[in-house]
>>> print(open('target_31.txt').read())   # compact mmCIF, C-alpha atoms and all ligand atoms
# COMPACT_ATOMS: atom_id res chain seq x y z
CA MET A 29 61.96 39.74 -16.86
CA GLU A 30 61.35 35.99 -16.68
CA TYR A 31 58.86 34.19 -18.89
CA ALA A 32 57.05 30.87 -19.22
CA LEU A 33 57.46 29.58 -22.78
CA ILE A 34 54.54 27.42 -23.96
CA THR A 35 54.51 25.65 -27.32
CA GLY A 36 51.22 24.42 -28.78
CA ALA A 37 49.63 27.25 -26.80
CA THR A 38 46.73 27.52 -29.27
CA GLY A 39 45.69 23.87 -28.83
CA VAL A 40 43.25 22.67 -26.19
CA LEU A 41 45.79 21.45 -23.62
CA GLY A 42 48.16 24.35 -24.40
CA THR A 43 45.41 26.89 -23.76
CA ALA A 44 44.64 25.23 -20.41
CA PHE A 45 48.33 25.67 -19.46
CA CYS A 46 48.18 29.33 -20.55
CA ARG A 47 45.13 30.00 -18.38
CA GLU A 48 46.70 28.38 -15.32
CA PHE A 49 49.97 30.30 -15.78
CA ALA A 50 48.08 33.56 -16.35
CA LYS A 51 46.14 32.88 -13.15
CA ARG A 52 49.47 32.38 -11.36
CA ARG A 53 50.74 35.70 -12.77
CA TYR A 54 53.53 34.28 -14.91
CA ASN A 55 54.76 36.37 -17.83
CA LEU A 56 53.83 34.38 -20.92
CA PHE A 57 55.67 33.76 -24.20
CA LEU A 58 53.29 31.73 -26.35
CA THR A 59 53.83 30.02 -29.66
CA GLY A 60 51.68 28.16 -32.19
CA ARG A 61 51.46 28.18 -35.98
CA SER A 62 48.70 30.74 -36.45
CA ILE A 63 49.16 34.39 -35.52
CA ASP A 64 45.37 34.86 -35.65
CA LYS A 65 44.79 32.09 -33.10
CA LEU A 66 47.64 33.41 -30.94
CA THR A 67 46.26 36.95 -31.00
CA ALA A 68 42.77 35.70 -30.07
CA LEU A 69 44.28 33.65 -27.23
CA LYS A 70 46.30 36.61 -25.98
CA ASN A 71 43.18 38.84 -26.04
CA SER A 72 41.15 36.28 -24.11
CA LEU A 73 43.89 35.93 -21.49
CA VAL A 74 44.26 39.67 -21.08
CA GLU A 75 40.49 40.00 -20.70
CA ALA A 76 40.26 37.19 -18.14
CA TYR A 77 43.44 38.11 -16.26
CA PRO A 78 43.89 41.91 -16.54
CA GLY A 79 47.53 42.98 -16.36
CA VAL A 80 48.93 39.66 -17.59
CA ASN A 81 52.06 40.18 -19.70
CA CYS A 82 51.70 38.04 -22.81
CA LEU A 83 53.96 37.88 -25.88
CA VAL A 84 53.14 35.73 -28.90
CA TYR A 85 55.18 34.47 -31.86
CA ALA A 86 53.88 32.31 -34.71
CA ALA A 87 56.21 29.55 -35.93
CA ASP A 88 55.95 26.18 -37.60
CA LEU A 89 58.17 24.23 -35.21
CA THR A 90 58.93 21.56 -37.82
CA SER A 91 60.82 24.26 -39.78
CA GLU A 92 64.40 25.02 -38.75
CA GLU A 93 64.03 28.50 -40.27
CA ASP A 94 60.90 29.21 -38.22
CA ARG A 95 62.61 27.94 -35.07
CA LYS A 96 65.54 30.27 -35.75
CA GLY A 97 63.06 33.15 -36.02
CA LEU A 98 61.40 32.13 -32.75
CA PHE A 99 64.75 31.87 -30.97
CA ALA A 100 65.81 35.28 -32.28
CA ALA A 101 62.55 36.84 -31.02
CA ALA A 102 62.62 35.05 -27.67
CA GLY A 103 66.40 35.27 -27.17
CA GLN A 104 66.23 38.63 -25.40
CA TYR A 105 64.28 37.07 -22.50
CA SER A 106 65.05 34.45 -19.89
CA PHE A 107 62.77 31.56 -19.04
CA ASN A 108 61.83 30.01 -15.72
CA MET A 109 59.36 27.58 -17.28
CA LEU A 110 59.09 25.71 -20.57
CA VAL A 111 56.09 23.57 -21.45
CA ASN A 112 56.42 21.63 -24.70
CA VAL A 113 52.81 20.89 -25.60
CA ALA A 114 52.92 21.07 -29.43
CA GLY A 115 52.30 17.67 -30.97
CA ALA A 116 50.34 15.87 -33.67
CA ASP A 117 48.61 12.54 -33.30
CA ILE A 118 48.45 10.99 -36.77
CA GLN A 119 46.94 7.57 -36.33
CA LYS A 120 46.82 5.30 -39.36
CA PRO A 121 48.64 2.33 -40.92
CA PHE A 122 52.28 3.23 -41.51
CA ILE A 123 51.99 1.90 -45.06
CA GLY A 124 49.80 4.93 -45.82
CA TYR A 125 52.35 7.52 -44.72
CA SER A 126 53.90 9.92 -47.23
CA GLU A 127 57.50 11.07 -46.73
CA GLU A 128 56.09 14.48 -45.80
CA LYS A 129 53.97 12.99 -43.00
CA ILE A 130 56.91 11.01 -41.64
CA THR A 131 59.03 14.15 -41.44
CA PHE A 132 56.20 16.24 -40.01
CA GLN A 133 55.24 13.82 -37.27
CA SER A 134 58.82 13.01 -36.24
CA ARG A 135 59.74 16.67 -36.08
CA ILE A 136 56.75 18.04 -34.21
CA ASN A 137 56.57 15.25 -31.65
CA PHE A 138 60.29 14.91 -30.95
CA GLU A 139 62.80 17.13 -32.77
CA ALA A 140 60.95 20.40 -32.03
CA ALA A 141 60.62 19.63 -28.31
CA VAL A 142 64.32 18.72 -28.06
CA SER A 143 65.36 21.84 -29.96
CA ILE A 144 63.26 24.10 -27.72
CA CYS A 145 64.66 22.44 -24.59
CA GLY A 146 68.12 23.41 -25.90
CA PHE A 147 67.00 26.99 -26.46
CA ALA A 148 65.36 27.33 -23.03
CA ILE A 149 68.40 25.87 -21.25
CA ASN A 150 70.64 28.42 -22.97
CA HIS A 151 68.25 31.22 -21.98
CA ARG A 152 67.31 29.99 -18.56
CA ALA A 153 66.48 31.96 -15.50
CA GLN A 154 67.40 30.45 -12.15
CA ASN A 155 65.53 27.22 -11.45
CA LEU A 156 64.16 26.60 -14.95
CA LYS A 157 61.48 23.91 -14.98
CA ILE A 158 60.83 22.00 -18.20
CA ILE A 159 57.64 20.02 -18.76
CA ASN A 160 57.51 17.81 -21.85
CA ILE A 161 54.04 16.53 -22.70
CA CYS A 162 54.44 12.90 -23.71
CA SER A 163 51.79 10.15 -23.71
CA VAL A 164 51.12 6.69 -22.33
CA CYS A 165 51.44 5.68 -26.01
CA GLY A 166 55.17 6.29 -25.48
CA LEU A 167 55.35 3.52 -22.89
CA GLN A 168 54.24 0.78 -25.28
CA PRO A 169 55.00 0.37 -29.01
CA MET A 170 51.61 0.75 -30.70
CA PRO A 171 50.75 -0.79 -34.06
CA TYR A 172 48.82 1.69 -36.29
CA PHE A 173 50.12 4.48 -34.05
CA ALA A 174 53.73 3.40 -34.46
CA LEU A 175 55.48 6.67 -35.27
CA TYR A 176 53.57 8.70 -32.67
CA SER A 177 54.23 6.16 -29.92
CA ALA A 178 57.92 5.92 -30.91
CA CYS A 179 58.32 9.73 -30.85
CA LYS A 180 56.59 10.07 -27.48
CA GLY A 181 58.69 7.18 -26.12
CA ALA A 182 61.83 8.94 -27.31
CA LEU A 183 60.67 12.16 -25.66
CA ILE A 184 60.13 10.35 -22.35
CA ASP A 185 63.65 8.87 -22.49
CA PHE A 186 65.19 12.18 -23.55
CA SER A 187 63.45 14.03 -20.71
CA VAL A 188 64.56 11.51 -18.08
CA ALA A 189 68.18 11.54 -19.27
CA LEU A 190 68.23 15.34 -19.55
CA SER A 191 66.83 15.70 -16.03
CA ALA A 192 69.87 13.83 -14.69
CA GLU A 193 72.27 15.93 -16.80
CA MET A 194 70.75 19.24 -15.72
CA LYS A 195 70.20 18.52 -12.03
CA LYS A 196 73.48 20.16 -11.03
CA ASN A 197 72.41 23.30 -12.91
CA GLY A 198 69.17 23.62 -10.95
CA VAL A 199 67.05 22.72 -14.00
CA THR A 200 64.27 20.15 -13.61
CA VAL A 201 62.86 18.20 -16.56
CA THR A 202 59.57 16.33 -16.20
CA ALA A 203 58.09 13.93 -18.73
CA VAL A 204 54.33 14.17 -18.27
CA ILE A 205 52.64 10.97 -19.43
CA PRO A 206 48.89 11.40 -19.81
CA GLY A 207 46.38 8.87 -21.13
CA SER A 208 43.44 10.21 -23.12
CA ILE A 209 42.58 13.85 -22.54
CA TYR A 210 39.24 15.47 -23.42
CA THR A 211 40.65 17.98 -25.90
CA ARG A 212 39.57 18.44 -29.56
CA ASP A 213 36.10 17.30 -30.74
CA ASP A 214 37.55 14.33 -32.66
CA VAL A 215 39.47 13.21 -29.57
CA ARG A 216 36.38 13.53 -27.35
CA GLU A 217 34.38 11.56 -29.90
CA TYR A 218 37.06 8.88 -30.01
CA ILE A 219 37.13 8.62 -26.20
CA SER A 220 33.33 8.22 -26.11
CA SER A 221 33.66 5.26 -28.52
CA LEU A 222 36.04 3.46 -26.14
CA GLY A 223 35.28 0.93 -23.43
CA PHE A 224 34.47 1.56 -19.77
CA TRP A 225 38.05 1.62 -18.40
CA ALA A 226 39.39 3.81 -21.21
CA LYS A 227 36.61 6.35 -20.58
CA LYS A 228 37.19 6.14 -16.86
CA SER A 229 40.90 6.90 -17.24
CA ALA A 230 40.45 9.93 -19.54
CA LYS A 231 41.15 13.30 -17.93
CA THR A 232 40.27 16.93 -18.52
CA PRO A 233 43.00 19.32 -19.75
CA GLU A 234 42.76 21.22 -16.46
CA TYR A 235 43.45 18.06 -14.47
CA VAL A 236 46.52 17.30 -16.62
CA VAL A 237 47.79 20.87 -16.14
CA ILE A 238 47.51 20.75 -12.34
CA LYS A 239 49.18 17.32 -12.14
CA SER A 240 51.95 18.47 -14.50
CA LEU A 241 52.70 21.55 -12.42
CA LYS A 242 52.67 19.54 -9.22
CA ALA A 243 55.12 16.99 -10.68
CA ALA A 244 57.39 19.77 -11.96
CA ARG A 245 57.32 21.52 -8.59
CA LYS A 246 58.44 18.28 -6.95
CA GLY A 247 61.17 17.87 -9.59
CA LYS A 248 59.83 14.51 -10.78
CA ARG A 249 61.57 13.01 -13.80
CA LYS A 250 58.39 11.48 -15.14
CA THR A 251 54.80 11.14 -14.07
CA VAL A 252 51.89 9.10 -15.40
CA VAL A 253 48.78 11.26 -15.01
CA GLY A 254 45.85 9.74 -13.10
CA GLY A 255 45.59 6.89 -10.61
CA LEU A 256 43.88 4.49 -13.00
CA ASN A 257 46.43 5.14 -15.75
CA LYS A 258 49.20 4.43 -13.22
CA VAL A 259 47.57 1.09 -12.35
CA ILE A 260 46.97 0.18 -16.03
CA CYS A 261 50.60 1.01 -16.93
CA ALA A 262 51.93 -1.01 -13.99
CA LEU A 263 49.71 -4.03 -14.72
CA SER A 264 50.43 -3.97 -18.45
CA LYS A 265 54.12 -4.65 -17.65
CA LEU A 266 53.01 -8.11 -16.53
CA VAL A 267 51.38 -8.93 -19.88
CA PRO A 268 53.60 -10.53 -22.57
CA GLN A 269 54.51 -8.15 -25.41
CA GLY A 270 52.99 -10.38 -28.12
CA ILE A 271 49.58 -10.34 -26.45
CA LYS A 272 49.67 -6.57 -26.00
CA LEU A 273 50.67 -5.99 -29.61
CA ARG A 274 47.89 -8.26 -30.92
CA TYR A 275 45.29 -6.54 -28.72
CA ILE A 276 46.41 -3.03 -29.75
CA ALA A 277 46.61 -3.98 -33.44
CA ARG A 278 43.07 -5.38 -33.34
CA SER A 279 41.61 -2.37 -31.57
CA ARG A 280 43.45 0.25 -33.67
CA ALA A 281 43.43 -1.29 -37.16
CA ASN A 282 40.36 0.67 -38.25
CA VAL A 283 41.25 4.02 -36.71
CA CYS A 284 42.37 6.55 -39.29
CA LYS A 285 43.17 10.05 -38.14
CA ASP A 286 45.39 12.47 -39.97
CA ALA A 287 47.00 15.74 -38.97
CA PHE A 288 48.91 18.41 -40.82
N1 LIG B 301 44.43 14.68 -26.53
C1 LIG B 301 44.89 13.55 -26.00
O1 LIG B 301 44.16 12.57 -25.74
C2 LIG B 301 46.37 13.43 -25.69
C3 LIG B 301 46.82 12.34 -24.94
C4 LIG B 301 48.17 12.24 -24.62
C5 LIG B 301 49.05 13.23 -25.06
N2 LIG B 301 48.58 14.29 -25.79
C6 LIG B 301 49.55 15.30 -26.23
O2 LIG B 301 49.12 16.56 -25.73
C7 LIG B 301 49.56 17.60 -26.59
C8 LIG B 301 48.40 18.54 -26.92
O3 LIG B 301 47.34 17.79 -27.46
P1 LIG B 301 45.92 18.46 -27.81
O4 LIG B 301 44.95 17.34 -27.82
O5 LIG B 301 45.69 19.68 -26.98
O6 LIG B 301 46.17 18.86 -29.33
P2 LIG B 301 45.73 20.12 -30.20
O7 LIG B 301 44.54 20.80 -29.60
O8 LIG B 301 45.62 19.61 -31.60
O9 LIG B 301 46.98 21.09 -30.07
C9 LIG B 301 48.17 20.85 -30.74
C10 LIG B 301 49.01 22.09 -30.67
O10 LIG B 301 50.25 21.82 -31.34
C11 LIG B 301 50.47 22.84 -32.28
N3 LIG B 301 51.20 22.36 -33.46
C12 LIG B 301 50.90 21.31 -34.25
N4 LIG B 301 51.78 21.24 -35.27
C13 LIG B 301 52.63 22.27 -35.11
C14 LIG B 301 53.74 22.74 -35.83
N5 LIG B 301 54.17 22.14 -36.95
N6 LIG B 301 54.39 23.85 -35.38
C15 LIG B 301 53.97 24.48 -34.25
N7 LIG B 301 52.93 24.09 -33.53
C16 LIG B 301 52.26 23.00 -33.95
C17 LIG B 301 49.09 23.31 -32.70
O11 LIG B 301 49.18 24.58 -33.27
P3 LIG B 301 48.04 25.16 -34.26
O12 LIG B 301 47.03 25.82 -33.37
O13 LIG B 301 48.74 26.07 -35.14
O14 LIG B 301 47.45 23.98 -35.01
C18 LIG B 301 48.37 23.30 -31.37
O15 LIG B 301 48.65 24.47 -30.65
C19 LIG B 301 50.19 16.90 -27.80
O16 LIG B 301 51.58 16.85 -27.65
C20 LIG B 301 49.60 15.51 -27.73
O17 LIG B 301 50.43 14.55 -28.35
C21 LIG B 301 47.27 14.41 -26.12
>>> encode(input="target_31.txt", output="structure tokens", more="lines below")
Ligand SMILES: NC(=O)c1ccc[n+]([C@@H]2O[C@H](COP(=O)([O-])OP(=O)(O)OC[C@H]3O[C@@H](n4cnc5c(N)ncnc54)[C@H](OP(=O)(O)O)[C@@H]3O)[C@@H](O)[C@H]2O)c1
Amino acid sequence: MEYALITGATGVLGTAFCREFAKRRYNLFLTGRSIDKLTALKNSLVEAYPGVNCLVYAADLTSEEDRKGLFAAAGQYSFNMLVNVAGADIQKPFIGYSEEKITFQSRINFEAAVSICGFAINHRAQNLKIINICSVCGLQPMPYFALYSACKGALIDFSVALSAEMKKNGVTVTAVIPGSIYTRDDVREYISSLGFWAKKSAKTPEYVVIKSLKAARKGKRKTVVGGLNKVICALSKLVPQGIKLRYIARSRANVCKDAF
């Protein structure tokens, strides 16, 4: 039996992917850190989509031991879809980072996604499609969001290179590059504090899911989500780096958001 593997399934965007896949009658293998949240998610999916086949496994994806456990549990199945959603958006001056935060953010936003791509490729069904959730932050180095933007940038590059490597094996890899998404309360609050264009370019999780699946179906290597975000990304290439960095530093210097 073939499964769709979704990391970060318990988060807001991850849950939107789960619902769409359940609607499309995929068999689901879901992971997140909390077994309670996973069980509640599974129950809600089974209630909304009777007959859906849903397996869950709790793992901290920054831990090699936990990843080994996940791979042992999932290794008996094959996968026709992988969506790497798990991520953490710590946003604060780098000078305030502990060693633990550096390791955590690097691992969850990059290492874990790469590791799970490796697993899924080794346990692939025919025509495996991989979607890696990146961010427009990965297209531009961002002061006060430096590690997050670097990790997402690395994930974009990794996805694009891997897509070329795996083409001959019938595997597609798509870097999905969203701008702001109306997800957690703190993110929604942050979006509402932004200017007109930033609010205008923000998308719902459901919109991002549909665009991601469309891009994966077409075998796109990368896709910026939303027309306005596409225009902003294209135009920003024309602006000198120094000006962009000064603007971002000024607008982000007072934002302080942690994650664990
Ligand atoms: N929201 C935005 O504006 C935005 C914009 C661009 C890109 N993105 C990207 O979209 C993705 C989802 O964002 P979201 O807003 O939906 O975030 P979210 O609701 O906070 O969900 C994050 C998910 O990642 C999981 N996770 C975090 N650390 C983990 C770890 N160490 N091991 C395993 N799982 C872990 C969380 O699991 P738990 O339930 O256990 O915490 C949760 O399921 C992220 O990759 C984010 O970078 C978001």
>>> closest_residue(input="target_31.txt", among="A:Thr90, A:Gln269, A:Ser72, A:Asn257", to="ligand LIG 301 (chain B)", atoms="all atoms listed in the file")
A:Thr90
>>> residues_near_ligand(input="target_31.txt", ligand="ligand LIG 301 (chain B)", cutoff="7 Å", atoms="all atoms listed in the file", output="number ranges by chain")
A: 35-42, 60-62, 65, 87-90, 113-117, 132, 136-137, 161-164, 205-212, 215, 288
>>> atom_distance(input="target_31.txt", atom1="CA of Tyr172 in chain A", atom2="CA of Pro121 in chain A")
4.7 Å
>>> atom_distance(input="target_31.txt", atom1="CA of Ala189 in chain A", atom2="CA of Val201 in chain A")
8.9 Å
>>> closest_residue(input="target_31.txt", among="A:Ala192, A:Arg274, A:Asn108, A:Lys129", to="Pro169 in chain A", atoms="all atoms listed in the file")
A:Arg274
>>> atom_distance(input="target_31.txt", atom1="CA of Val188 in chain A", atom2="CA of Asn160 in chain A")
10.2 Å
>>> closest_residue(input="target_31.txt", among="A:Ser177, A:Gln119, A:Ser191, A:Asn150", to="Tyr218 in chain A", atoms="all atoms listed in the file")
A:Gln119
>>> closest_residue(input="target_31.txt", among="A:Ala102, A:Ala174, A:Ile130, A:Val84", to="Ala281 in chain A", atoms="all atoms listed in the file")
A:Ala174
>>> residues_around(input="target_31.txt", residues="Ala101 in chain A", least_positions_apart="6", cutoff="12 Å", atoms="all atoms listed in the file", output="list in words")
Phe57, Leu58, Thr59, Leu83, Val84, Tyr85, Ala86, Ala87, Asp94, Arg95 and Phe147 of chain A
>>> decode(input="target_31.txt", residues="range 45-88 of chain A", atoms="C-alpha atoms", output="PDB file, in the first residue's frame")
ATOM      1  CA  PHE A  45      -2.267  19.290   3.613  1.00  0.00           C
ATOM      2  CA  CYS A  46      -3.664  16.341   5.596  1.00  0.00           C
ATOM      3  CA  ARG A  47      -7.247  17.420   4.946  1.00  0.00           C
ATOM      4  CA  GLU A  48      -6.656  17.843   1.213  1.00  0.00           C
ATOM      5  CA  PHE A  49      -4.922  14.456   0.941  1.00  0.00           C
ATOM      6  CA  ALA A  50      -7.668  12.784   2.983  1.00  0.00           C
ATOM      7  CA  LYS A  51     -10.232  14.350   0.651  1.00  0.00           C
ATOM      8  CA  ARG A  52      -8.284  12.900  -2.291  1.00  0.00           C
ATOM      9  CA  ARG A  53      -8.302   9.460  -0.622  1.00  0.00           C
ATOM     10  CA  TYR A  54      -4.560   9.153  -0.095  1.00  0.00           C
ATOM     11  CA  ASN A  55      -3.339   6.791   2.610  1.00  0.00           C
ATOM     12  CA  LEU A  56      -1.694   9.029   5.196  1.00  0.00           C
ATOM     13  CA  PHE A  57       1.457   8.598   7.293  1.00  0.00           C
ATOM     14  CA  LEU A  58       1.616  11.645   9.547  1.00  0.00           C
ATOM     15  CA  THR A  59       4.326  12.842  11.865  1.00  0.00           C
ATOM     16  CA  GLY A  60       4.749  15.628  14.424  1.00  0.00           C
ATOM     17  CA  ARG A  61       6.269  15.807  17.902  1.00  0.00           C
ATOM     18  CA  SER A  62       3.158  15.194  19.993  1.00  0.00           C
ATOM     19  CA  ILE A  63       1.323  11.879  19.952  1.00  0.00           C
ATOM     20  CA  ASP A  64      -1.697  13.569  21.568  1.00  0.00           C
ATOM     21  CA  LYS A  65      -1.935  16.148  18.773  1.00  0.00           C
ATOM     22  CA  LEU A  66      -1.392  13.435  16.146  1.00  0.00           C
ATOM     23  CA  THR A  67      -4.115  11.244  17.634  1.00  0.00           C
ATOM     24  CA  ALA A  68      -6.552  14.182  17.744  1.00  0.00           C
ATOM     25  CA  LEU A  69      -5.692  15.014  14.119  1.00  0.00           C
ATOM     26  CA  LYS A  70      -6.175  11.408  13.036  1.00  0.00           C
ATOM     27  CA  ASN A  71      -9.569  11.261  14.816  1.00  0.00           C
ATOM     28  CA  SER A  72     -10.716  14.479  13.160  1.00  0.00           C
ATOM     29  CA  LEU A  73      -9.658  13.210   9.726  1.00  0.00           C
ATOM     30  CA  VAL A  74     -11.377   9.870  10.204  1.00  0.00           C
ATOM     31  CA  GLU A  75     -14.540  11.666  11.321  1.00  0.00           C
ATOM     32  CA  ALA A  76     -14.503  14.089   8.376  1.00  0.00           C
ATOM     33  CA  TYR A  77     -13.399  11.527   5.778  1.00  0.00           C
ATOM     34  CA  PRO A  78     -14.771   8.115   6.860  1.00  0.00           C
ATOM     35  CA  GLY A  79     -12.639   5.224   5.651  1.00  0.00           C
ATOM     36  CA  VAL A  80      -9.425   7.240   5.379  1.00  0.00           C
ATOM     37  CA  ASN A  81      -6.382   5.133   6.257  1.00  0.00           C
ATOM     38  CA  CYS A  82      -4.222   7.174   8.617  1.00  0.00           C
ATOM     39  CA  LEU A  83      -1.072   6.129  10.492  1.00  0.00           C
ATOM     40  CA  VAL A  84       0.709   8.435  12.931  1.00  0.00           C
ATOM     41  CA  TYR A  85       4.170   8.429  14.504  1.00  0.00           C
ATOM     42  CA  ALA A  86       5.518  11.006  16.964  1.00  0.00           C
ATOM     43  CA  ALA A  87       9.151  12.051  16.484  1.00  0.00           C
ATOM     44  CA  ASP A  88      11.339  15.042  17.191  1.00  0.00           C
TER      45      ASP A  88
END
